[in-house]
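Next comes entry.cif, a file with mmCIF, C-alpha atoms.
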data_entry
loop_
_atom_site.label_atom_id
_atom_site.label_comp_id
_atom_site.auth_asym_id
_atom_site.auth_seq_id
_atom_site.Cartn_x
_atom_site.Cartn_y
_atom_site.Cartn_z
CA MET A 1 27.45 -273.74 12.64
CA ASP A 2 24.66 -272.06 10.78
CA TYR A 3 23.04 -270.08 13.52
CA LYS A 4 20.89 -267.96 11.26
CA SER A 5 18.69 -270.87 10.19
CA ASP A 6 18.10 -272.09 13.71
CA PRO A 7 18.29 -269.36 16.32
CA ASN A 8 17.26 -271.59 19.20
CA LYS A 9 20.38 -273.70 18.99
CA ILE A 10 22.75 -270.85 19.62
CA GLY A 11 23.64 -270.42 23.24
CA LYS A 12 23.58 -267.21 25.17
CA TRP A 13 27.32 -267.18 25.60
CA GLU A 14 27.96 -267.77 21.94
CA ARG A 15 25.63 -264.97 21.02
CA PHE A 16 27.37 -262.76 23.52
CA PHE A 17 30.79 -263.60 22.07
CA LYS A 18 29.58 -262.87 18.58
CA TRP A 19 28.11 -259.61 19.77
CA VAL A 20 31.43 -258.70 21.39
CA ASN A 21 33.29 -259.56 18.19
CA GLY A 22 31.01 -257.29 16.22
CA GLU A 23 29.34 -260.01 14.16
CA ASP A 24 25.65 -259.71 13.50
CA SER A 25 24.56 -262.79 15.32
CA ILE A 26 21.10 -261.67 16.32
CA ASP A 27 18.62 -263.30 14.04
CA SER A 28 16.07 -260.98 12.58
CA VAL A 29 13.12 -263.13 13.66
CA TRP A 30 14.41 -263.37 17.17
CA GLU A 31 15.07 -259.66 17.21
CA LYS A 32 11.55 -258.85 16.06
CA GLU A 33 10.10 -261.14 18.68
CA MET A 34 12.12 -259.57 21.41
CA ARG A 35 11.29 -256.11 20.18
CA SER A 36 7.57 -256.75 20.10
CA LYS A 37 7.78 -258.23 23.56
CA ILE A 38 9.69 -255.28 24.89
CA THR A 39 7.48 -252.66 23.25
CA GLY A 40 4.36 -254.45 24.48
CA LYS A 41 5.67 -254.39 27.96
CA ARG A 42 6.69 -250.81 27.54
CA LYS A 43 3.26 -249.65 26.44
CA LYS A 44 1.70 -251.18 29.49
CA ARG A 45 4.26 -249.90 31.83
CA ARG A 46 4.92 -246.53 30.25
CA LYS A 47 3.02 -244.49 32.75
CA THR A 48 4.39 -246.19 35.80
CA ILE A 49 7.92 -246.14 34.40
CA GLU A 50 7.75 -242.43 33.72
CA ASP A 51 6.41 -241.82 37.18
CA THR A 52 9.18 -243.83 38.77
CA ILE A 53 11.81 -242.10 36.66
CA GLU A 54 10.54 -238.74 37.79
CA ARG A 55 10.51 -239.88 41.36
CA ILE A 56 14.03 -241.29 41.08
CA ASN A 57 15.22 -238.09 39.47
CA SER A 58 13.87 -235.94 42.25
CA TYR A 59 15.32 -238.30 44.85
CA SER A 60 18.67 -238.51 43.12
CA LYS A 61 18.88 -234.74 42.90
CA LYS A 62 18.37 -234.49 46.63
CA ILE A 63 20.81 -237.33 47.29
CA TYR A 64 23.31 -235.71 44.92
CA ILE A 65 23.14 -232.40 46.75
CA ILE A 66 23.39 -234.04 50.16
CA LEU A 67 26.26 -236.32 49.12
CA SER A 68 28.23 -233.54 47.43
CA VAL A 69 27.96 -231.32 50.49
CA PHE A 70 28.82 -234.26 52.76
CA ILE A 71 31.89 -235.32 50.76
CA THR A 72 33.14 -231.74 50.49
CA VAL A 73 32.73 -231.20 54.23
CA VAL A 74 34.53 -234.47 54.99
CA TYR A 75 37.45 -233.55 52.75
CA ILE A 76 37.65 -230.06 54.21
CA GLY A 77 37.68 -231.62 57.66
CA ILE A 78 40.44 -234.09 56.76
CA LEU A 79 42.59 -231.37 55.23
CA LEU A 80 42.04 -228.96 58.10
CA TYR A 81 42.91 -231.71 60.59
CA THR A 82 46.10 -232.44 58.65
CA VAL A 83 47.03 -228.77 58.65
CA TYR A 84 46.31 -228.63 62.39
CA GLU A 85 48.59 -231.59 63.00
CA LEU A 86 51.47 -230.11 60.98
CA PRO A 87 54.52 -229.02 62.99
CA GLU A 88 54.91 -225.37 63.80
CA HIS A 89 56.31 -223.21 61.03
CA GLY A 90 59.93 -222.20 61.50
CA ASN A 91 60.67 -224.55 64.37
CA PRO A 92 64.26 -225.87 64.05
CA LEU A 93 63.25 -229.24 65.51
CA ASN A 94 60.84 -229.98 62.66
CA PRO A 95 61.30 -233.35 60.96
CA ALA A 96 61.98 -231.64 57.61
CA ASN A 97 65.07 -229.95 59.02
CA ASN A 98 67.21 -233.06 59.03
CA GLU A 99 70.77 -233.72 57.93
CA VAL A 100 69.79 -234.27 54.27
CA SER A 101 68.61 -230.73 53.54
CA GLN A 102 71.38 -229.36 55.74
CA ARG A 103 73.93 -231.24 53.64
CA TYR A 104 72.34 -229.98 50.40
CA ILE A 105 72.46 -226.38 51.56
CA GLU A 106 75.92 -226.44 53.14
CA HIS A 107 77.86 -228.64 50.72
CA GLY A 108 75.71 -228.35 47.60
CA VAL A 109 77.77 -225.72 45.81
CA GLU A 110 81.16 -227.31 46.49
CA GLU A 111 79.98 -230.85 45.70
CA THR A 112 78.07 -230.14 42.50
CA GLY A 113 79.38 -226.77 41.31
CA ALA A 114 75.90 -225.42 40.71
CA LEU A 115 74.64 -222.22 42.31
CA ASN A 116 70.99 -223.22 41.92
CA ILE A 117 70.50 -225.74 44.72
CA VAL A 118 67.21 -227.02 43.32
CA SER A 119 68.94 -227.79 40.04
CA ALA A 120 71.77 -229.46 41.94
CA MET A 121 69.26 -231.63 43.78
CA ILE A 122 67.16 -232.74 40.83
CA LEU A 123 70.01 -233.22 38.36
CA ASP A 124 72.87 -234.33 40.58
CA TYR A 125 71.87 -235.86 43.90
CA ARG A 126 68.60 -237.29 42.63
CA ALA A 127 69.24 -237.45 38.91
CA PHE A 128 67.58 -240.81 38.39
CA ASP A 129 64.36 -239.34 39.74
CA THR A 130 64.44 -236.75 36.95
CA PHE A 131 65.38 -239.47 34.48
CA GLY A 132 62.19 -241.28 35.48
CA GLU A 133 60.16 -238.10 34.91
CA THR A 134 61.68 -237.64 31.47
CA VAL A 135 60.96 -241.26 30.59
CA VAL A 136 57.36 -240.74 31.72
CA LEU A 137 57.03 -237.90 29.18
CA PHE A 138 58.58 -240.08 26.48
CA THR A 139 56.21 -242.93 27.33
CA ALA A 140 53.25 -240.55 27.17
CA VAL A 141 54.17 -239.41 23.68
CA ILE A 142 54.68 -243.04 22.61
CA CYS A 143 51.16 -243.89 23.88
CA VAL A 144 49.69 -240.93 22.00
CA ALA A 145 51.51 -242.05 18.87
CA ILE A 146 50.17 -245.59 19.24
CA LEU A 147 46.62 -244.34 19.63
CA LEU A 148 46.49 -241.41 17.22
CA ARG A 149 49.19 -241.86 14.56
CA ARG A 150 47.84 -242.10 11.02
CA THR A 151 49.71 -242.70 7.83
CA ASP A 152 49.08 -240.63 4.71
CA GLU A 153 46.75 -243.30 3.32
CA ASP A 154 44.34 -242.88 6.21
CA LYS A 155 43.90 -239.16 5.63
CA THR A 156 41.33 -237.71 3.32
CA ASP A 157 42.37 -235.22 0.67
CA LEU A 158 40.51 -232.44 2.42
CA GLU A 159 42.50 -232.89 5.60
CA GLN A 160 45.80 -232.89 3.78
CA ASP A 161 44.88 -229.74 1.93
CA SER A 162 43.80 -228.00 5.12
CA PHE A 163 47.21 -228.57 6.67
CA LYS A 164 49.09 -227.54 3.55
CA SER A 165 47.24 -224.27 3.11
CA ASP A 166 48.84 -221.12 4.42
CA ARG A 167 47.40 -219.23 7.34
CA GLY A 168 46.70 -215.54 7.35
CA ASP A 169 49.36 -212.92 6.83
CA ILE A 170 48.83 -211.42 10.28
CA LEU A 171 49.66 -214.66 12.05
CA LYS A 172 52.67 -215.19 9.78
CA PHE A 173 54.02 -211.71 10.48
CA ALA A 174 53.57 -212.10 14.25
CA ALA A 175 55.14 -215.55 14.21
CA ARG A 176 58.12 -214.25 12.25
CA LEU A 177 58.65 -211.65 14.99
CA VAL A 178 57.92 -213.79 18.02
CA PHE A 179 59.32 -217.23 17.14
CA PRO A 180 63.05 -216.33 17.39
CA ILE A 181 62.50 -214.51 20.68
CA VAL A 182 60.63 -217.45 22.17
CA VAL A 183 63.22 -220.02 21.14
CA LEU A 184 66.11 -217.79 22.27
CA TYR A 185 64.48 -217.33 25.66
CA GLY A 186 63.95 -221.08 25.96
CA ILE A 187 67.61 -221.75 25.18
CA TYR A 188 68.62 -219.13 27.75
CA VAL A 189 66.44 -220.77 30.42
CA ILE A 190 67.93 -224.20 29.68
CA ILE A 191 71.56 -223.09 29.56
CA ASN A 192 71.27 -220.99 32.72
CA GLY A 193 69.51 -223.81 34.58
CA HIS A 194 72.32 -224.38 37.05
CA ILE A 195 72.91 -220.68 37.77
CA SER A 196 69.48 -219.08 37.92
CA PRO A 197 65.94 -220.43 38.25
CA GLY A 198 64.92 -222.46 35.24
CA GLY A 199 66.13 -225.71 33.82
CA GLY A 200 65.32 -228.31 31.26
CA PHE A 201 61.62 -228.72 31.92
CA ALA A 202 60.77 -225.02 31.87
CA GLY A 203 62.98 -224.17 28.90
CA GLY A 204 61.85 -227.22 26.95
CA THR A 205 58.24 -226.21 27.39
CA ILE A 206 59.01 -222.72 26.09
CA ILE A 207 60.80 -224.09 23.02
CA GLY A 208 57.93 -226.54 22.45
CA ALA A 209 55.46 -223.63 22.51
CA GLY A 210 57.61 -221.83 19.95
CA LEU A 211 57.60 -224.89 17.69
CA ILE A 212 53.81 -225.13 18.00
CA LEU A 213 53.53 -221.46 16.98
CA TYR A 214 55.81 -222.02 13.98
CA SER A 215 53.84 -225.06 12.88
CA ALA A 216 50.53 -223.22 13.26
CA ALA A 217 51.71 -220.20 11.30
CA PHE A 218 53.74 -221.65 8.45
CA GLY A 219 51.93 -224.89 7.89
CA ASP A 220 52.89 -228.51 7.91
CA GLU A 221 55.33 -228.56 5.01
CA LYS A 222 57.96 -226.19 6.35
CA ILE A 223 58.36 -227.73 9.78
CA LYS A 224 58.47 -231.24 8.35
CA SER A 225 61.80 -230.52 6.73
CA ILE A 226 63.37 -230.34 10.21
CA LEU A 227 61.00 -232.13 12.55
CA ASN A 228 59.60 -235.35 11.20
CA TYR A 229 58.78 -238.66 12.83
CA LYS A 230 62.26 -240.11 12.33
CA SER A 231 64.26 -237.11 13.52
CA ILE A 232 62.12 -236.60 16.61
CA THR A 233 62.41 -240.27 17.57
CA VAL A 234 66.17 -240.33 17.03
CA THR A 235 66.86 -237.13 19.00
CA THR A 236 64.58 -238.08 21.90
CA VAL A 237 65.96 -241.58 22.28
CA SER A 238 69.57 -240.45 21.93
CA CYS A 239 69.03 -237.72 24.54
CA LEU A 240 67.57 -240.26 26.96
CA LEU A 241 70.48 -242.64 26.35
CA ILE A 242 73.06 -239.88 26.82
CA TYR A 243 71.35 -238.91 30.08
CA PHE A 244 71.28 -242.50 31.30
CA PHE A 245 74.87 -243.39 30.48
CA SER A 246 76.50 -240.15 31.63
CA LYS A 247 74.62 -240.08 34.92
CA GLY A 248 75.13 -243.80 35.36
CA TYR A 249 78.88 -243.24 34.99
CA SER A 250 78.73 -240.40 37.50
CA PHE A 251 76.82 -242.47 40.04
CA PHE A 252 79.12 -245.47 39.48
CA THR A 253 82.26 -243.46 40.16
CA GLY A 254 80.66 -241.71 43.11
CA GLY A 255 79.40 -244.93 44.68
CA ASN A 256 82.74 -246.72 44.33
CA HIS A 257 84.87 -243.75 45.39
CA ILE A 258 86.62 -243.54 42.03
CA GLU A 259 87.62 -240.08 40.87
CA SER A 260 85.39 -238.86 38.06
CA VAL A 261 86.90 -237.28 34.96
CA ILE A 262 84.11 -234.69 34.72
CA PRO A 263 85.33 -231.26 35.90
CA LYS A 264 83.12 -229.26 38.24
CA GLY A 265 84.25 -225.83 37.08
CA THR A 266 83.98 -222.62 39.07
CA PRO A 267 80.45 -222.03 40.38
CA GLY A 268 78.71 -219.18 38.57
CA ASN A 269 80.20 -219.79 35.13
CA ILE A 270 78.15 -221.14 32.28
CA LEU A 271 80.49 -224.11 31.92
CA SER A 272 80.25 -225.34 35.47
CA GLY A 273 78.24 -227.73 37.55
CA GLY A 274 79.70 -230.90 36.09
CA LEU A 275 77.03 -232.89 34.32
CA ILE A 276 74.13 -230.57 35.13
CA LEU A 277 74.41 -228.47 31.96
CA PRO A 278 74.42 -231.40 29.47
CA LEU A 279 71.66 -233.15 31.41
CA ASN A 280 69.58 -229.96 31.34
CA ILE A 281 70.05 -229.76 27.57
CA CYS A 282 69.00 -233.41 27.18
CA VAL A 283 65.89 -232.90 29.30
CA GLY A 284 65.05 -229.71 27.41
CA ILE A 285 65.25 -231.39 24.01
CA VAL A 286 63.09 -234.30 25.18
CA VAL A 287 60.47 -231.96 26.66
CA ALA A 288 60.38 -229.74 23.55
CA CYS A 289 59.93 -232.74 21.26
CA THR A 290 57.23 -234.13 23.54
CA MET A 291 55.26 -230.88 23.59
CA TYR A 292 55.43 -230.53 19.83
CA GLY A 293 54.58 -234.22 19.43
CA PHE A 294 51.44 -233.89 21.55
CA TYR A 295 50.25 -230.87 19.56
CA SER A 296 50.91 -232.44 16.24
CA TYR A 297 49.39 -235.84 17.07
CA PHE A 298 46.24 -234.28 18.44
CA THR A 299 45.73 -231.93 15.50
CA LYS A 300 47.10 -233.76 12.47
CA GLY A 301 47.51 -237.34 13.65
CA ASP A 302 51.11 -237.31 12.51
CA ILE A 303 54.33 -235.46 13.22
CA MET B 1 58.74 -188.13 44.83
CA ILE B 2 55.16 -187.34 45.75
CA ILE B 3 54.39 -186.30 42.18
CA ARG B 4 55.85 -189.59 40.97
CA ALA B 5 53.75 -191.61 43.42
CA VAL B 6 50.60 -189.70 42.45
CA LEU B 7 51.29 -190.15 38.74
CA ALA B 8 52.00 -193.86 39.19
CA SER B 9 48.88 -194.39 41.27
CA VAL B 10 46.79 -192.58 38.63
CA PHE B 11 48.10 -194.93 35.96
CA LEU B 12 47.71 -198.03 38.16
CA LEU B 13 44.16 -197.09 39.11
CA SER B 14 43.18 -196.38 35.53
CA GLY B 15 44.66 -199.75 34.56
CA ALA B 16 42.59 -201.43 37.25
CA PHE B 17 39.54 -199.51 35.98
CA VAL B 18 40.12 -200.76 32.43
CA PHE B 19 40.46 -204.31 33.72
CA SER B 20 37.23 -204.06 35.70
CA VAL B 21 35.41 -202.70 32.64
CA CYS B 22 36.84 -205.58 30.63
CA VAL B 23 35.64 -208.19 33.14
CA LEU B 24 32.21 -206.53 33.26
CA GLY B 25 31.98 -206.62 29.47
CA LEU B 26 33.17 -210.22 29.38
CA PHE B 27 30.24 -211.26 31.56
CA ARG B 28 27.53 -208.86 30.38
CA PHE B 29 27.81 -208.94 26.59
CA ASN B 30 25.88 -211.52 24.63
CA ASN B 31 27.82 -212.09 21.44
CA VAL B 32 31.18 -213.77 21.14
CA LEU B 33 32.70 -210.89 19.20
CA ASP B 34 31.50 -208.32 21.72
CA ARG B 35 32.97 -210.34 24.53
CA MET B 36 36.24 -210.75 22.67
CA HIS B 37 36.42 -207.01 22.16
CA ALA B 38 36.08 -206.52 25.90
CA ALA B 39 38.73 -209.13 26.68
CA ALA B 40 41.17 -207.68 24.14
CA LEU B 41 40.74 -204.26 25.74
CA GLY B 42 42.14 -205.60 29.00
CA ASP B 43 44.98 -207.38 27.27
CA THR B 44 46.25 -204.26 25.55
CA MET B 45 45.11 -201.05 27.27
CA GLY B 46 44.88 -202.43 30.80
CA ILE B 47 48.31 -204.05 30.74
CA PHE B 48 49.85 -200.95 29.15
CA LEU B 49 48.47 -198.61 31.82
CA THR B 50 49.36 -200.93 34.71
CA ILE B 51 52.91 -201.50 33.53
CA LEU B 52 53.34 -197.78 32.83
CA GLY B 53 52.47 -197.15 36.47
CA VAL B 54 55.01 -199.73 37.61
CA ILE B 55 57.65 -198.24 35.28
CA ILE B 56 57.17 -194.81 36.84
CA LEU B 57 57.67 -196.32 40.30
CA SER B 58 60.77 -198.33 39.46
CA ASP B 59 64.33 -196.98 39.81
CA ASN B 60 66.41 -199.65 38.11
CA ILE B 61 66.97 -199.18 34.36
CA TYR B 62 67.04 -202.95 33.72
CA GLN B 63 63.70 -203.32 35.43
CA ILE B 64 62.22 -200.61 33.20
CA VAL B 65 63.59 -202.29 30.08
CA LYS B 66 62.17 -205.66 31.16
CA LEU B 67 58.73 -204.16 31.82
CA ALA B 68 58.78 -202.40 28.45
CA LEU B 69 59.70 -205.69 26.78
CA ILE B 70 56.74 -207.35 28.50
CA VAL B 71 54.41 -204.71 27.06
CA ILE B 72 55.91 -205.11 23.58
CA PHE B 73 55.65 -208.89 23.71
CA ILE B 74 52.04 -208.85 24.86
CA TRP B 75 51.12 -206.24 22.24
CA MET B 76 52.68 -208.41 19.58
CA THR B 77 50.95 -211.65 20.58
CA SER B 78 47.60 -210.86 22.18
CA PRO B 79 45.93 -208.93 19.30
CA VAL B 80 46.98 -211.67 16.87
CA ALA B 81 45.34 -214.31 19.04
CA THR B 82 42.21 -212.18 19.31
CA HIS B 83 42.18 -211.72 15.54
CA LEU B 84 42.44 -215.47 14.96
CA ILE B 85 39.65 -216.31 17.40
CA GLY B 86 37.45 -213.63 15.85
CA LYS B 87 38.11 -214.95 12.35
CA MET B 88 37.30 -218.47 13.45
CA GLU B 89 34.06 -217.25 15.04
CA LEU B 90 33.17 -215.38 11.85
CA LEU B 91 33.81 -218.43 9.69
CA THR B 92 32.01 -221.01 11.80
CA SER B 93 29.21 -219.24 13.68
CA ASP B 94 25.53 -219.92 13.07
CA ASN B 95 24.61 -216.28 13.46
CA LYS B 96 22.86 -215.01 10.33
CA LYS B 97 24.51 -211.62 10.58
CA PHE B 98 27.91 -213.08 9.83
CA ARG B 99 26.92 -215.16 6.82
CA LYS B 100 27.60 -212.32 4.43
CA GLY B 101 31.21 -212.17 5.47
CA ARG B 102 31.86 -215.88 5.15
CA ASN B 103 33.98 -215.68 2.03
CA ILE B 104 36.59 -213.56 3.75
CA LYS B 105 39.98 -215.17 3.38
#

What is this file in structure tokens?
Amino acid sequence: MDYKSDPNKIGKWERFFKWVNGEDSIDSVWEKEMRSKITGKRKKRRKTIEDTIERINSYSKKIYIILSVFITVVYIGILLYTVYELPEHGNPLNPANNEVSQRYIEHGVEETGALNIVSAMILDYRAFDTFGETVVLFTAVICVAILLRRTDEDKTDLEQDSFKSDRGDILKFAARLVFPIVVLYGIYVIINGHISPGGGFAGGTIIGAGLILYSAAFGDEKIKSILNYKSITVTTVSCLLIYFFSKGYSFFTGGNHIESVIPKGTPGNILSGGLILPLNICVGIVVACTMYGFYSYFTKGDI
Amino acid sequence: MIIRAVLASVFLLSGAFVFSVCVLGLFRFNNVLDRMHAAALGDTMGIFLTILGVIILSDNIYQIVKLALIVIFIWMTSPVATHLIGKMELLTSDNKKFRKGRNIK
């Protein structure tokens, strides 16, 4: 249908659809007519409109202040009421002191082999919970990749040059000193996750920060030899699959009262805690790749 | 023991004084570079004095080594970050004073 020759025949809906699709459906004559109508109306009404806008602004400011104070007071009241209704601190009859936490504290070390009870909880008793958290991170980085990933053809030459160029010598020197320390500390936090405070999430974040520093100091080219799109995808997915299958095996044997082949080890050693150490390493690698992926997608649009 | 406590408190108080000066400068100065100078003062001098006070108070050798490592780490990273922010401000600001120095690499 040739809508440009006869603007009256086009329906409102059709025009709306074309406008949504980005086609220029508004005929120039029709547009001019509408514009002249609108401006004519505007000139007449200008004074009254400005007056009303001022009035509305002053009203809305007052309403804004009143509403913000009101909402804040209501929320403070709700929270204070909740705190008031909470059971007394330290009372042994509190609902939180049930047999679940008692079991974790009393039998945690002998059942899991991990000295860190929090680590035993999140990576042994409730490992699928942590698996869900890790998958959430993976999904987040996939969404960022869908939205922000650009191929080399999309980039301008200027952008590519700006990422190739070296940064200052001061940053390079500092990064050369700090990067090994940061990564070593991250590995320590991950590997000691079942003995001391720490674990995969904390250590992975530290390693991710180290990778970001390396990429910022030495440019895009150097880090691409190790971390590119393919290697990051392969390591992340394989870590998630290892986590899923090993913990699935552990839960299967536990649920069916079959003896598991995984040794628990003596609590306190590095090689103890059954599956907690490998699961911590898997989580750490996924978190490190995710952190680096976020940084690199948001700055360069590509890993 | 008393001498140690007095010495430690002198260092801790002077560290707190440096931090308060740094916060005052951060809010009172007008230019970005001035403010950054004030903030960097707290990151280096203030942390050094405070941790020196804590080192004097502590008995355990491992604790002292850890605190010293904290100071070294912060002294390695914080001035570099300040330098980078200052360079970026110099390269991108609209202030006419800095236009001469634009071609710094």

From B:Thr92, B:Ser20, B:Thr82, B:Ser9, residue lying nearest chain A [only C-alpha atoms]: B:Thr82

Could you give me, as a short mmCIF file (atom, residue, chain, number, x, y, z; two decimals) with C-alpha atoms, keeping the file's coordinate frame, the residues that sit within 10 Å of (51.4, -234.5, 22.9) in the file's coordinates, counting only C-alpha atoms?
data_model
loop_
_atom_site.label_atom_id
_atom_site.label_comp_id
_atom_site.auth_asym_id
_atom_site.auth_seq_id
_atom_site.Cartn_x
_atom_site.Cartn_y
_atom_site.Cartn_z
CA LEU A 137 57.03 -237.90 29.18
CA PHE A 138 58.58 -240.08 26.48
CA ALA A 140 53.25 -240.55 27.17
CA VAL A 141 54.17 -239.41 23.68
CA ILE A 142 54.68 -243.04 22.61
CA CYS A 143 51.16 -243.89 23.88
CA VAL A 144 49.69 -240.93 22.00
CA ALA A 145 51.51 -242.05 18.87
CA CYS A 289 59.93 -232.74 21.26
CA THR A 290 57.23 -234.13 23.54
CA MET A 291 55.26 -230.88 23.59
CA TYR A 292 55.43 -230.53 19.83
CA GLY A 293 54.58 -234.22 19.43
CA PHE A 294 51.44 -233.89 21.55
CA TYR A 295 50.25 -230.87 19.56
CA SER A 296 50.91 -232.44 16.24
CA TYR A 297 49.39 -235.84 17.07
CA PHE A 298 46.24 -234.28 18.44
CA THR A 299 45.73 -231.93 15.50
#

Selected residue, from A:Ser196, A:Asn98, A:Thr72, A:Thr233, that lies nearest to A:Asn116 when counting only C-alpha atoms: A:Ser196

Proximity of stretch 16-43 of chain B to stretch 48-62 of chain B: per-residue shortest pair, 12 Å limit, only C-alpha atoms, as JSON lines:
{"residue": "B:Ala16", "atom": "CA", "partner": "B:Thr50", "partner_atom": "CA", "distance": 7.2}
{"residue": "B:Phe17", "atom": "CA", "partner": "B:Leu49", "partner_atom": "CA", "distance": 9.9}
{"residue": "B:Val18", "atom": "CA", "partner": "B:Leu49", "partner_atom": "CA", "distance": 8.6}
{"residue": "B:Phe19", "atom": "CA", "partner": "B:Thr50", "partner_atom": "CA", "distance": 9.6}
{"residue": "B:Leu41", "atom": "CA", "partner": "B:Phe48", "partner_atom": "CA", "distance": 10.3}
{"residue": "B:Gly42", "atom": "CA", "partner": "B:Phe48", "partner_atom": "CA", "distance": 9.0}
{"residue": "B:Asp43", "atom": "CA", "partner": "B:Phe48", "partner_atom": "CA", "distance": 8.3}

All residues 8 Å or closer to A:Ala217, only C-alpha atoms, same chain fewer than 2 positions away omitted, as a ChimeraX atom specification: /A:166-168,171-172,175,213-215,219

Let's have the selection written as a PDB file, in the frame of the given file, with C-alpha atoms.
ATOM      1  CA  ASP A 166      48.840-221.120   4.420  1.00  0.00           C
ATOM      2  CA  ARG A 167      47.400-219.230   7.340  1.00  0.00           C
ATOM      3  CA  GLY A 168      46.700-215.540   7.350  1.00  0.00           C
ATOM      4  CA  LEU A 171      49.660-214.660  12.050  1.00  0.00           C
ATOM      5  CA  LYS A 172      52.670-215.190   9.780  1.00  0.00           C
ATOM      6  CA  ALA A 175      55.140-215.550  14.210  1.00  0.00           C
ATOM      7  CA  LEU A 213      53.530-221.460  16.980  1.00  0.00           C
ATOM      8  CA  TYR A 214      55.810-222.020  13.980  1.00  0.00           C
ATOM      9  CA  SER A 215      53.840-225.060  12.880  1.00  0.00           C
ATOM     10  CA  GLY A 219      51.930-224.890   7.890  1.00  0.00           C
TER      11      GLY A 219
END

Selected residue of minimal separation from A:Ile285 among A:Lys247, A:Asn269, A:Ile170, A:Phe201, counting only C-alpha atoms: A:Phe201

Interatomic distance, atom CA of B:Gly15 to atom CA of B:Thr44 (Å, one decimal): 10.2 Å

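Near chain A, within 8 Å and using all atoms listed in the file, the residues of chain B are Phe73, Met76, Thr77, Val80, Leu84 and Lys105 of chain B.
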
Output check: residues returned by the PyMOL selection byres ((chain B and resi 38) around 9), as JSON, numbers by chain: {"B": [21, 22, 23, 24, 25, 26, 29, 33, 34, 35, 36, 37, 39, 40, 41, 42]}

Could you please give me, as a PDB file with C-alpha atoms, in the coordinates of the input, the residues of protein, DNA or RNA lying at most 7 Å from (75.1, -232.4, 40.4) in the coordinate frame of the file, considering all atoms listed in the file?
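The file below, part26.pdb, is the result:
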ATOM      1  CA  THR A 112      78.070-230.140  42.500  1.00  0.00           C
ATOM      2  CA  ALA A 120      71.770-229.460  41.940  1.00  0.00           C
ATOM      3  CA  MET A 121      69.260-231.630  43.780  1.00  0.00           C
ATOM      4  CA  LEU A 123      70.010-233.220  38.360  1.00  0.00           C
ATOM      5  CA  ASP A 124      72.870-234.330  40.580  1.00  0.00           C
ATOM      6  CA  TYR A 125      71.870-235.860  43.900  1.00  0.00           C
ATOM      7  CA  GLY A 273      78.240-227.730  37.550  1.00  0.00           C
ATOM      8  CA  GLY A 274      79.700-230.900  36.090  1.00  0.00           C
ATOM      9  CA  LEU A 275      77.030-232.890  34.320  1.00  0.00           C
ATOM     10  CA  ILE A 276      74.130-230.570  35.130  1.00  0.00           C
TER      11      ILE A 276
END

Straight-line distance linking atom CA of B:Leu91 with atom CA of A:Gly210, stated in Å to one decimal: 26.1 Å
